[in-house]
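Dropping final-v8.csv in here (CSV, C-alpha atoms):
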```csv
chain,number,residue,atom,x,y,z
A,1,MET,CA,0.0,0.0,0.0
A,2,ASN,CA,1.2,3.5,-0.9
A,3,GLY,CA,2.4,5.6,2.0
A,4,SER,CA,0.0,8.4,1.4
A,5,ARG,CA,-2.9,6.0,1.8
A,6,ARG,CA,-1.9,4.7,5.2
A,7,THR,CA,-3.4,6.2,8.2
A,8,ALA,CA,-2.2,6.0,11.8
A,9,VAL,CA,-3.9,2.6,12.2
A,10,LEU,CA,-5.1,0.4,9.4
A,11,VAL,CA,-7.5,-2.3,10.8
A,12,ALA,CA,-8.4,-5.5,9.2
A,13,VAL,CA,-10.6,-6.6,12.1
A,14,LEU,CA,-12.3,-4.6,14.8
A,15,ALA,CA,-9.5,-2.8,16.8
A,16,LEU,CA,-9.2,-0.2,19.5
A,17,THR,CA,-6.2,1.7,20.9
A,18,VAL,CA,-6.0,2.9,24.4
A,19,THR,CA,-3.1,4.6,26.2
A,20,VAL,CA,-1.4,2.8,29.1
A,21,ALA,CA,2.0,2.4,30.5
A,22,PRO,CA,3.9,-0.5,29.0
A,23,ALA,CA,4.6,-3.4,31.4
A,24,THR,CA,7.8,-5.2,30.5
A,25,ALA,CA,7.6,-7.9,33.2
A,26,GLY,CA,7.3,-11.3,31.7
A,27,VAL,CA,7.9,-10.2,28.1
A,28,ALA,CA,10.6,-12.7,27.5
A,29,SER,CA,8.5,-15.5,28.9
A,30,GLN,CA,5.4,-14.8,26.8
A,31,ALA,CA,6.8,-13.7,23.4
A,32,HIS,CA,9.4,-15.3,21.1
A,33,THR,CA,11.9,-13.1,19.4
A,34,ALA,CA,15.2,-13.7,17.7
A,35,GLY,CA,16.0,-10.0,17.5
A,36,ARG,CA,18.4,-7.9,19.6
A,37,VAL,CA,16.1,-7.0,22.4
A,38,THR,CA,17.2,-5.9,25.9
A,39,ALA,CA,15.9,-7.4,29.1
A,40,SER,CA,13.6,-4.4,29.4
A,41,GLY,CA,12.1,-5.0,25.9
A,42,GLN,CA,14.0,-2.3,24.1
A,43,TYR,CA,15.4,-2.5,20.6
A,44,THR,CA,16.5,-0.4,17.6
A,45,TRP,CA,17.4,-2.6,14.7
A,46,PRO,CA,14.8,-2.9,11.9
A,47,GLY,CA,12.6,-6.0,11.4
A,48,VAL,CA,12.6,-7.0,15.1
A,49,TYR,CA,9.5,-9.2,15.7
A,50,PHE,CA,7.7,-10.7,18.7
A,51,GLU,CA,5.5,-13.8,18.4
A,52,GLY,CA,2.9,-15.1,20.8
A,53,ARG,CA,0.0,-17.4,21.3
A,54,PHE,CA,-3.3,-16.6,23.0
A,55,ARG,CA,-6.8,-18.0,23.6
A,56,GLY,CA,-9.8,-15.8,23.3
A,57,THR,CA,-11.6,-13.1,21.3
A,58,GLY,CA,-8.9,-10.3,21.5
A,59,ILE,CA,-5.3,-9.5,22.2
A,60,GLY,CA,-3.6,-6.3,23.3
A,61,ILE,CA,-0.1,-5.3,22.2
A,62,VAL,CA,1.7,-3.0,24.7
A,63,LEU,CA,4.1,-0.6,23.0
A,64,ASP,CA,6.1,2.6,23.8
A,65,ASP,CA,7.4,4.0,20.5
A,66,SER,CA,6.7,7.4,18.9
A,67,VAL,CA,9.2,6.9,16.1
A,68,ASN,CA,8.6,3.6,14.3
A,69,ASP,CA,5.9,1.8,12.3
A,70,TYR,CA,4.7,-1.7,13.1
A,71,ASP,CA,2.5,-4.4,11.7
A,72,VAL,CA,0.2,-6.5,13.9
A,73,GLN,CA,-0.5,-9.9,12.4
A,74,VAL,CA,-3.0,-12.4,13.8
A,75,ASP,CA,-3.0,-15.9,12.4
A,76,GLY,CA,-0.8,-14.9,9.5
A,77,THR,CA,-3.0,-11.9,8.4
A,78,THR,CA,-2.1,-8.3,9.0
A,79,ALA,CA,-4.7,-6.9,11.4
A,80,ALA,CA,-3.3,-3.4,11.8
A,81,THR,CA,-0.5,-1.1,10.8
A,82,LEU,CA,0.6,1.2,13.6
A,83,VAL,CA,2.2,4.4,12.5
A,84,MET,CA,4.3,5.9,15.3
A,85,PRO,CA,1.9,4.5,17.9
A,86,GLY,CA,3.4,6.2,21.0
A,87,ARG,CA,2.8,4.9,24.5
A,88,THR,CA,-0.2,2.6,24.0
A,89,THR,CA,-1.9,-0.7,24.1
A,90,HIS,CA,-3.4,-1.6,20.7
A,91,TRP,CA,-6.3,-4.0,20.9
A,92,VAL,CA,-7.4,-6.4,18.2
A,93,ARG,CA,-10.9,-7.7,19.0
A,94,GLY,CA,-13.8,-9.5,17.4
A,95,LEU,CA,-11.8,-12.8,16.9
A,96,SER,CA,-13.3,-16.3,17.3
A,97,ASP,CA,-13.0,-17.7,20.8
A,98,THR,CA,-10.2,-20.1,20.1
A,99,THR,CA,-6.4,-20.3,20.0
A,100,HIS,CA,-4.6,-17.8,17.9
A,101,ARG,CA,-1.1,-16.6,17.0
A,102,VAL,CA,0.0,-13.0,17.2
A,103,ARG,CA,3.0,-11.3,15.7
A,104,LEU,CA,4.3,-7.8,16.1
A,105,VAL,CA,7.0,-6.7,13.7
A,106,LYS,CA,8.9,-3.4,13.4
A,107,ARG,CA,8.8,-2.1,9.8
A,108,THR,CA,11.2,0.8,10.0
A,109,GLU,CA,14.7,1.9,11.0
A,110,SER,CA,15.4,4.0,14.1
A,111,PRO,CA,19.1,4.0,14.9
A,112,TRP,CA,18.6,7.2,16.9
A,113,ALA,CA,15.8,6.0,19.1
A,114,ALA,CA,14.7,2.8,20.9
A,115,GLY,CA,11.3,1.3,20.8
A,116,GLN,CA,9.9,-0.8,23.7
A,117,PHE,CA,7.6,-3.8,23.6
A,118,GLY,CA,5.7,-4.4,26.8
A,119,GLY,CA,4.1,-7.7,26.1
A,120,PHE,CA,0.7,-9.2,25.1
A,121,VAL,CA,-2.5,-8.8,27.1
A,122,ALA,CA,-5.4,-11.2,26.6
A,123,ALA,CA,-9.0,-9.9,26.4
A,124,ASP,CA,-11.4,-10.7,29.2
A,125,GLY,CA,-12.0,-14.4,29.4
A,126,GLY,CA,-8.9,-15.2,27.4
A,127,ALA,CA,-5.3,-16.0,28.2
A,128,VAL,CA,-1.8,-15.5,26.9
A,129,LEU,CA,-0.4,-19.0,26.2
A,130,ALA,CA,3.1,-20.4,26.2
A,131,LYS,CA,5.1,-18.7,23.5
A,132,PRO,CA,6.0,-20.4,20.2
A,133,VAL,CA,9.2,-22.5,20.3
A,134,PRO,CA,12.2,-21.1,18.4
A,135,ARG,CA,12.7,-22.4,14.9
A,136,ALA,CA,15.6,-24.8,14.3
A,137,ARG,CA,16.9,-22.7,11.4
A,138,GLN,CA,18.4,-19.3,12.0
A,139,ILE,CA,19.7,-16.6,9.5
A,140,GLU,CA,21.4,-13.3,10.2
A,141,PHE,CA,21.3,-10.5,7.6
A,142,ILE,CA,23.9,-7.8,7.8
A,143,GLY,CA,23.8,-4.8,5.6
A,144,ASP,CA,22.8,-1.3,4.6
A,145,SER,CA,19.6,0.3,3.2
A,146,LEU,CA,19.3,-2.4,0.5
A,147,THR,CA,19.1,-5.0,3.3
A,148,ALA,CA,16.8,-2.9,5.4
A,149,GLY,CA,14.1,-2.6,2.7
A,150,TYR,CA,14.6,1.2,2.5
A,151,GLY,CA,11.7,2.7,0.5
A,152,ASN,CA,10.6,-0.7,-0.8
A,153,LEU,CA,6.8,0.0,-0.8
A,154,SER,CA,7.2,2.9,-3.2
A,155,THR,CA,6.7,2.6,-6.9
A,156,THR,CA,8.4,5.9,-7.6
A,157,ARG,CA,12.0,6.8,-6.9
A,158,ASP,CA,11.1,10.2,-5.6
A,159,CYS,CA,9.1,9.5,-2.4
A,160,SER,CA,8.7,13.2,-1.4
A,161,ALA,CA,5.0,13.2,-2.5
A,162,ASN,CA,3.9,9.8,-1.3
A,163,GLY,CA,4.8,9.7,2.3
A,164,GLY,CA,8.6,9.8,2.4
A,165,VAL,CA,11.1,7.0,3.0
A,166,THR,CA,9.8,6.0,6.4
A,167,ARG,CA,6.2,5.5,5.3
A,168,ASN,CA,7.4,3.6,2.3
A,169,THR,CA,9.7,1.2,4.2
A,170,ASN,CA,8.8,-2.2,5.4
A,171,THR,CA,11.7,-4.4,6.6
A,172,ASP,CA,9.2,-7.3,7.0
A,173,LEU,CA,9.0,-7.3,3.1
A,174,SER,CA,12.8,-7.2,2.6
A,175,PHE,CA,14.5,-10.0,0.8
A,176,GLY,CA,16.0,-11.2,4.1
A,177,ALA,CA,12.7,-11.5,5.9
A,178,LEU,CA,11.0,-13.1,2.9
A,179,THR,CA,13.8,-15.6,2.5
A,180,ALA,CA,13.8,-16.6,6.2
A,181,ARG,CA,10.0,-17.0,6.3
A,182,ALA,CA,10.1,-19.1,3.1
A,183,LEU,CA,12.7,-21.4,4.8
A,184,ASN,CA,10.9,-21.4,8.2
A,185,ALA,CA,13.9,-19.7,9.8
A,186,ASP,CA,14.2,-17.3,12.7
A,187,TYR,CA,16.2,-14.2,11.6
A,188,GLN,CA,17.7,-10.9,12.4
A,189,VAL,CA,17.9,-8.0,9.9
A,190,ASN,CA,20.9,-6.0,11.3
A,191,ALA,CA,20.9,-3.3,8.7
A,192,PHE,CA,21.8,0.4,8.9
A,193,SER,CA,21.2,2.7,6.0
A,194,GLY,CA,24.0,4.8,4.7
A,195,LEU,CA,26.8,2.9,6.3
A,196,GLY,CA,29.6,0.9,4.7
A,197,MET,CA,32.4,-1.5,5.7
A,198,VAL,CA,34.9,1.4,6.1
A,199,ARG,CA,33.3,4.4,4.3
A,200,ASN,CA,29.7,5.7,4.6
A,201,TYR,CA,27.6,7.2,1.8
A,202,ASN,CA,29.4,10.1,0.3
A,203,GLY,CA,32.0,10.0,3.0
A,204,HIS,CA,29.8,11.2,5.8
A,205,SER,CA,30.6,10.6,9.5
A,206,THR,CA,34.3,9.9,8.9
A,207,GLY,CA,35.8,7.7,11.5
A,208,THR,CA,32.6,5.5,11.9
A,209,SER,CA,31.3,2.7,9.8
A,210,TYR,CA,28.8,-0.2,10.1
A,211,ARG,CA,31.4,-1.9,12.2
A,212,THR,CA,31.1,0.8,14.8
A,213,TYR,CA,27.5,-0.3,15.5
A,214,TYR,CA,27.4,-4.0,14.8
A,215,ASP,CA,27.9,-5.2,18.3
A,216,ARG,CA,25.1,-3.1,19.8
A,217,ALA,CA,21.6,-3.9,20.7
A,218,LEU,CA,20.7,-0.2,21.1
A,219,LEU,CA,22.3,1.7,18.2
A,220,ASN,CA,21.7,5.0,20.0
A,221,VAL,CA,23.8,4.1,23.1
A,222,ASP,CA,27.5,4.5,22.7
A,223,GLY,CA,29.4,1.5,24.0
A,224,ASP,CA,26.3,-0.7,24.2
A,225,VAL,CA,27.1,-4.4,23.7
A,226,TRP,CA,24.5,-7.0,22.8
A,227,ARG,CA,25.1,-10.2,24.8
A,228,VAL,CA,24.7,-13.0,22.3
A,229,PRO,CA,22.4,-15.6,23.8
A,230,ALA,CA,23.3,-19.2,23.8
A,231,GLY,CA,20.3,-19.9,21.6
A,232,TRP,CA,21.4,-17.6,18.8
A,233,ARG,CA,23.7,-19.6,16.5
A,234,PRO,CA,22.7,-18.8,12.9
A,235,GLN,CA,23.6,-21.5,10.4
A,236,VAL,CA,23.8,-18.8,7.7
A,237,VAL,CA,25.0,-15.1,7.9
A,238,VAL,CA,24.4,-13.0,4.8
A,239,VAL,CA,26.6,-9.9,4.6
A,240,GLY,CA,25.8,-7.1,2.2
A,241,LEU,CA,28.2,-4.2,2.8
A,242,GLY,CA,30.0,-2.1,0.1
A,243,THR,CA,27.4,-0.1,-1.8
A,244,ASN,CA,28.0,2.9,0.4
A,245,ASP,CA,31.8,2.5,0.4
A,246,PHE,CA,32.0,2.7,-3.4
A,247,SER,CA,28.8,4.4,-4.8
A,248,THR,CA,30.2,7.9,-4.6
A,249,PRO,CA,33.5,9.5,-5.5
A,250,LEU,CA,36.1,10.2,-2.8
A,251,ASN,CA,35.9,13.7,-1.4
A,252,PRO,CA,39.0,15.9,-0.5
A,253,GLY,CA,40.1,15.2,3.0
A,254,GLU,CA,38.9,11.6,3.2
A,255,PRO,CA,41.4,9.0,4.6
A,256,TRP,CA,41.9,7.3,1.3
A,257,ALA,CA,44.0,9.2,-1.3
A,258,THR,CA,42.9,7.0,-4.2
A,259,PRO,CA,40.2,4.5,-5.0
A,260,GLU,CA,42.8,1.8,-4.8
A,261,ASP,CA,43.5,2.8,-1.2
A,262,LEU,CA,39.8,2.5,-0.4
A,263,VAL,CA,39.7,-1.0,-2.0
A,264,SER,CA,42.6,-2.1,0.1
A,265,ALA,CA,41.1,-0.7,3.3
A,266,TYR,CA,37.8,-2.3,2.5
A,267,LYS,CA,39.3,-5.7,1.9
A,268,THR,CA,41.3,-5.6,5.1
A,269,ALA,CA,38.3,-4.5,7.1
A,270,TYR,CA,36.1,-7.2,5.5
A,271,GLN,CA,38.5,-9.9,6.5
A,272,GLY,CA,38.6,-8.6,10.1
A,273,PHE,CA,34.8,-8.6,10.1
A,274,LEU,CA,34.7,-12.1,8.9
A,275,ASP,CA,37.1,-13.0,11.7
A,276,LYS,CA,34.6,-11.5,14.2
A,277,LEU,CA,31.7,-13.5,12.7
A,278,ARG,CA,33.7,-16.7,12.6
A,279,THR,CA,34.8,-16.3,16.3
A,280,ARG,CA,31.2,-15.5,17.3
A,281,TYR,CA,29.4,-18.3,15.5
A,282,GLY,CA,32.0,-21.0,15.0
A,283,PRO,CA,33.3,-22.9,12.0
A,284,ARG,CA,30.0,-24.5,11.0
A,285,THR,CA,28.3,-21.2,10.1
A,286,THR,CA,28.2,-20.4,6.4
A,287,ILE,CA,28.9,-16.7,5.6
A,288,VAL,CA,27.5,-15.4,2.4
A,289,VAL,CA,29.2,-12.3,0.9
A,290,GLY,CA,26.5,-10.7,-1.1
A,291,VAL,CA,26.9,-8.2,-3.9
A,292,PRO,CA,24.1,-6.5,-5.8
A,293,GLU,CA,26.2,-5.4,-8.7
A,294,ALA,CA,27.6,-7.4,-11.7
A,295,SER,CA,30.8,-5.5,-12.0
A,296,GLY,CA,32.9,-2.6,-10.6
A,297,ARG,CA,35.2,-2.0,-7.6
A,298,PHE,CA,32.6,-3.2,-5.1
A,299,ALA,CA,31.9,-6.4,-7.0
A,300,ASP,CA,35.6,-7.1,-7.7
A,301,ALA,CA,36.7,-6.4,-4.1
A,302,ALA,CA,34.0,-8.6,-2.5
A,303,ARG,CA,34.9,-11.5,-4.8
A,304,GLN,CA,38.6,-11.1,-3.9
A,305,VAL,CA,37.7,-11.1,-0.2
A,306,VAL,CA,36.1,-14.5,-0.6
A,307,GLN,CA,38.9,-15.9,-2.9
A,308,GLU,CA,41.6,-14.7,-0.5
A,309,ARG,CA,39.8,-16.0,2.5
A,310,GLY,CA,40.3,-19.7,1.7
A,311,ASP,CA,37.3,-20.8,3.8
A,312,ARG,CA,34.9,-23.1,2.1
A,313,ARG,CA,32.1,-21.8,4.3
A,314,VAL,CA,32.7,-18.2,3.2
A,315,VAL,CA,31.0,-18.0,-0.2
A,316,HIS,CA,30.3,-15.3,-2.8
A,317,TRP,CA,26.7,-14.5,-4.0
A,318,ASN,CA,26.1,-11.9,-6.7
A,319,HIS,CA,22.4,-11.1,-7.0
A,320,ASP,CA,22.5,-8.5,-9.8
A,321,ASP,CA,19.6,-9.2,-12.2
A,322,PRO,CA,18.4,-7.3,-15.3
A,323,ALA,CA,14.8,-7.7,-14.0
A,324,LEU,CA,15.5,-5.5,-10.9
A,325,ASP,CA,13.7,-2.2,-11.5
A,326,ARG,CA,15.0,-0.3,-8.4
A,327,LEU,CA,11.8,1.7,-8.2
A,328,GLY,CA,12.0,2.0,-4.5
A,329,CYS,CA,12.8,5.4,-2.9
A,330,ASP,CA,16.0,6.9,-4.2
A,331,TRP,CA,16.7,4.0,-6.6
A,332,HIS,CA,16.5,1.4,-3.9
A,333,PHE,CA,15.0,-2.1,-4.4
A,334,SER,CA,11.2,-2.2,-4.8
A,335,ALA,CA,8.9,-4.8,-3.3
A,336,HIS,CA,9.2,-6.6,-6.6
A,337,ASP,CA,12.9,-6.6,-6.4
A,338,HIS,CA,13.0,-7.9,-2.8
A,339,ARG,CA,10.7,-10.8,-3.9
A,340,LEU,CA,13.0,-11.5,-6.8
A,341,ILE,CA,16.2,-11.4,-4.7
A,342,ALA,CA,14.5,-13.6,-2.0
A,343,GLY,CA,13.8,-16.2,-4.6
A,344,LYS,CA,17.4,-16.1,-5.9
A,345,LEU,CA,18.7,-16.4,-2.4
A,346,SER,CA,16.5,-19.3,-1.5
A,347,ASP,CA,17.7,-21.1,-4.6
A,348,TYR,CA,21.3,-20.3,-3.8
A,349,LEU,CA,21.1,-21.5,-0.2
A,350,ALA,CA,19.3,-24.7,-1.4
A,351,ALA,CA,22.4,-25.5,-3.4
A,352,LEU,CA,24.8,-25.1,-0.5
A,353,PRO,CA,25.7,-28.0,1.9
A,354,LEU,CA,24.1,-26.3,4.9
A,355,ARG,CA,23.8,-28.0,8.2
A,356,TRP,CA,20.2,-27.0,9.0
```
Using structure tokens, write down the structure that the file contains.
Amino acid sequence: MNGSRRTAVLVAVLALTVTVAPATAGVASQAHTAGRVTASGQYTWPGVYFEGRFRGTGIGIVLDDSVNDYDVQVDGTTAATLVMPGRTTHWVRGLSDTTHRVRLVKRTESPWAAGQFGGFVAADGGAVLAKPVPRARQIEFIGDSLTAGYGNLSTTRDCSANGGVTRNTNTDLSFGALTARALNADYQVNAFSGLGMVRNYNGHSTGTSYRTYYDRALLNVDGDVWRVPAGWRPQVVVVGLGTNDFSTPLNPGEPWATPEDLVSAYKTAYQGFLDKLRTRYGPRTTIVVGVPEASGRFADAARQVVQERGDRRVVHWNHDDPALDRLGCDWHFSAHDHRLIAGKLSDYLAALPLRW
């Protein structure tokens, strides 16, 4: 749906929103999530989701977030889209009096602000049931705006007249989320628009990069470190970093005197990042180095990283395709493109000797 047509709440079943204080107690016990969520229920990365089960005719979703957009899904169908809901409990009512599944998913990016999920609340006469069990398959997606689903709902590259980038972004329809759901895998979309492996878009924020933020749960908190739970051991990690490093010419005063210097720094940093992932997840995890371009410095450098690595579980995946229309905001992937790439990635993973 086009961003200009979305209102603060789109309801597929009878729904009501009331304002209350979020209650974080028991969130971890009643909702399943694979995302980077703190003990108090806070998070910043896009695509974070919470899944629960309940019995009864209605369910309340407790939130505190005036920045992000969310989808509420009941039994696999979107019941509401919440646009910057604030401090609230959103109710979905009018359901059959039986057992249901509920899923809350963060559609948007907010590296500067944390949202907070306070849990599920059953309607009178109902009950929140034991949360769904984690899926056996796990995939982590690491990248920039192309991975985040930046502007993917738009059908025009200029989004200024149809709601802007935020209203036109849905990480739940990014190629990573689509691929993971098709494979029945839990997933993280750890994507941050505008950042690169060593150089950010057009050289902004010199001295920082994606690697500055990767270890955090809360991107807006300097020094924050996400404690990797024992249960998070993805069999596949898909890395897509480099578009921002190479898509714009070097500016005077940047740390790299020549494009060749940038390529060398990129390759060195990539190897160090792969070292981090290998140490974190062990030798059995397959790391996919993804590239959305058929040729050029980025494509060549990423291929060389894999070749020089000499690790059979670090593989190269180029997903350029002439069918990509890049009709999303600012020439980003459209919803059509994300579906196309998800299909290509599913096929690619099916051909690998993964240990699911």
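If only C-alpha atoms are the atoms counted, then among A:Asn162, A:Thr38, A:Thr44, A:Gln138 the closest residue to Cys329 (chain A) is A:Asn162.
Our summary of the geometry notes that CA of Met84 (chain A) is positioned 7.9 Å from CA of Tyr70 (chain A).
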Two-atom distance - CA of Asp215 (chain A), CA of Phe192 (chain A) (Å) | 12.5 Å
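Taking CA of Asn244 (chain A) and CA of Val315 (chain A) as endpoints, the distance between them is 21.1 Å.
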Do a neighbour search on Val306 (chain A) at 8 Å with all atoms listed in the file, toss out local chain neighbours closer than 6 positions, and write the hits as a ChimeraX atom specification.
-> /A:289,314-316
From the list A:Asn202, A:Thr212, A:Thr108, A:Ser96, the nearest residue to Thr81 (chain A) using only C-alpha atoms is A:Thr108
Long-range neighbours of Glu51 (chain A) as number ranges by chain, 12 Å cut-off, all atoms listed in the file, 3 positions minimum in chain = A: 27-35, 48, 54, 61, 71-76, 100-105, 117, 119-120, 128-135, 186
Considering all atoms listed in the file, return as a ChimeraX atom specification whatever protein or nucleic-acid residues lie within 10 Å of region 255-262 of chain A, sequence-local ones (same chain, fewer than 3 positions apart) excluded.
-> /A:198-199,203,206-207,245-246,249-252,265-268,297
Could you check which of A:Pro85, A:Gly240, A:Pro283, A:Gly126 is closest to Tyr270 (chain A), using only C-alpha atoms?
-> A:Gly240
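Restricting the calculation to only C-alpha atoms, the smallest distance between Ser174 (chain A) and any of A:Gln116, A:Ser205, A:Ser110, A:Gln188 is found for A:Gln188.
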Pick out the closest residue to Lys344 (chain A) from this set: A:Gln271, A:Thr179, A:Thr279, A:Ser295. Count all atoms listed in the file.
-> A:Thr179
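Distances from A:Ala351, A:Val62, A:Leu345, A:Val228 to Gly115 (chain A) were compared using only C-alpha atoms, and the smallest one belongs to A:Val62.
Neighbouring residues of Tyr281 (chain A) at 12 Å or closer, counting all atoms listed in the file and skipping chain neighbours under 2 positions away, are A:Gln138, A:Ile139, A:Glu140, A:Val228, A:Pro229, A:Ala230, A:Gly231, A:Trp232, A:Arg233, A:Pro234, A:Gln235, A:Val236, A:Val237, A:Leu274, A:Asp275, A:Lys276, A:Leu277, A:Arg278, A:Thr279, A:Pro283, A:Arg284, A:Thr285, A:Thr286, A:Ile287.
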Residues around (16.3, 1.8, 0.0), cut-off 9 Å, counting all atoms listed in the file - what are they as number ranges by chain?
-> A: 144-152, 165, 169, 193, 326, 328-334
Using only C-alpha atoms, give me every residue within 10 Å of (17.2, -1.7, 24.9) in file coordinates, as an NGL selection string.
-> :A and (36-44 or 113-117 or 216-221 or 224 or 226)
Emit a file covering region 117-160 of chain A of the preceding structure with C-alpha atoms, as an mmCIF file, in the first residue's frame.
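The result, stored in selection.cif:
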```
data_model
loop_
_atom_site.group_PDB
_atom_site.id
_atom_site.type_symbol
_atom_site.label_atom_id
_atom_site.label_comp_id
_atom_site.auth_asym_id
_atom_site.auth_seq_id
_atom_site.Cartn_x
_atom_site.Cartn_y
_atom_site.Cartn_z
ATOM 1 C CA PHE A 117 7.567 -3.753 23.629
ATOM 2 C CA GLY A 118 5.687 -4.362 26.842
ATOM 3 C CA GLY A 119 4.079 -7.715 26.081
ATOM 4 C CA PHE A 120 0.734 -9.160 25.071
ATOM 5 C CA VAL A 121 -2.481 -8.822 27.088
ATOM 6 C CA ALA A 122 -5.420 -11.174 26.605
ATOM 7 C CA ALA A 123 -8.976 -9.857 26.392
ATOM 8 C CA ASP A 124 -11.376 -10.651 29.231
ATOM 9 C CA GLY A 125 -12.029 -14.360 29.432
ATOM 10 C CA GLY A 126 -8.923 -15.228 27.420
ATOM 11 C CA ALA A 127 -5.327 -16.023 28.246
ATOM 12 C CA VAL A 128 -1.842 -15.529 26.879
ATOM 13 C CA LEU A 129 -0.443 -19.007 26.238
ATOM 14 C CA ALA A 130 3.074 -20.420 26.160
ATOM 15 C CA LYS A 131 5.126 -18.686 23.494
ATOM 16 C CA PRO A 132 6.007 -20.440 20.222
ATOM 17 C CA VAL A 133 9.159 -22.520 20.290
ATOM 18 C CA PRO A 134 12.198 -21.121 18.432
ATOM 19 C CA ARG A 135 12.722 -22.365 14.908
ATOM 20 C CA ALA A 136 15.586 -24.755 14.280
ATOM 21 C CA ARG A 137 16.866 -22.681 11.367
ATOM 22 C CA GLN A 138 18.433 -19.263 11.954
ATOM 23 C CA ILE A 139 19.723 -16.641 9.493
ATOM 24 C CA GLU A 140 21.363 -13.296 10.212
ATOM 25 C CA PHE A 141 21.270 -10.539 7.599
ATOM 26 C CA ILE A 142 23.896 -7.809 7.834
ATOM 27 C CA GLY A 143 23.832 -4.798 5.556
ATOM 28 C CA ASP A 144 22.776 -1.291 4.648
ATOM 29 C CA SER A 145 19.612 0.266 3.199
ATOM 30 C CA LEU A 146 19.295 -2.417 0.513
ATOM 31 C CA THR A 147 19.062 -5.049 3.251
ATOM 32 C CA ALA A 148 16.766 -2.916 5.436
ATOM 33 C CA GLY A 149 14.140 -2.595 2.702
ATOM 34 C CA TYR A 150 14.578 1.183 2.462
ATOM 35 C CA GLY A 151 11.673 2.663 0.499
ATOM 36 C CA ASN A 152 10.600 -0.724 -0.829
ATOM 37 C CA LEU A 153 6.849 -0.001 -0.826
ATOM 38 C CA SER A 154 7.173 2.930 -3.208
ATOM 39 C CA THR A 155 6.683 2.600 -6.944
ATOM 40 C CA THR A 156 8.413 5.919 -7.632
ATOM 41 C CA ARG A 157 12.026 6.775 -6.931
ATOM 42 C CA ASP A 158 11.051 10.211 -5.646
ATOM 43 C CA CYS A 159 9.107 9.540 -2.434
ATOM 44 C CA SER A 160 8.670 13.158 -1.392
#
```
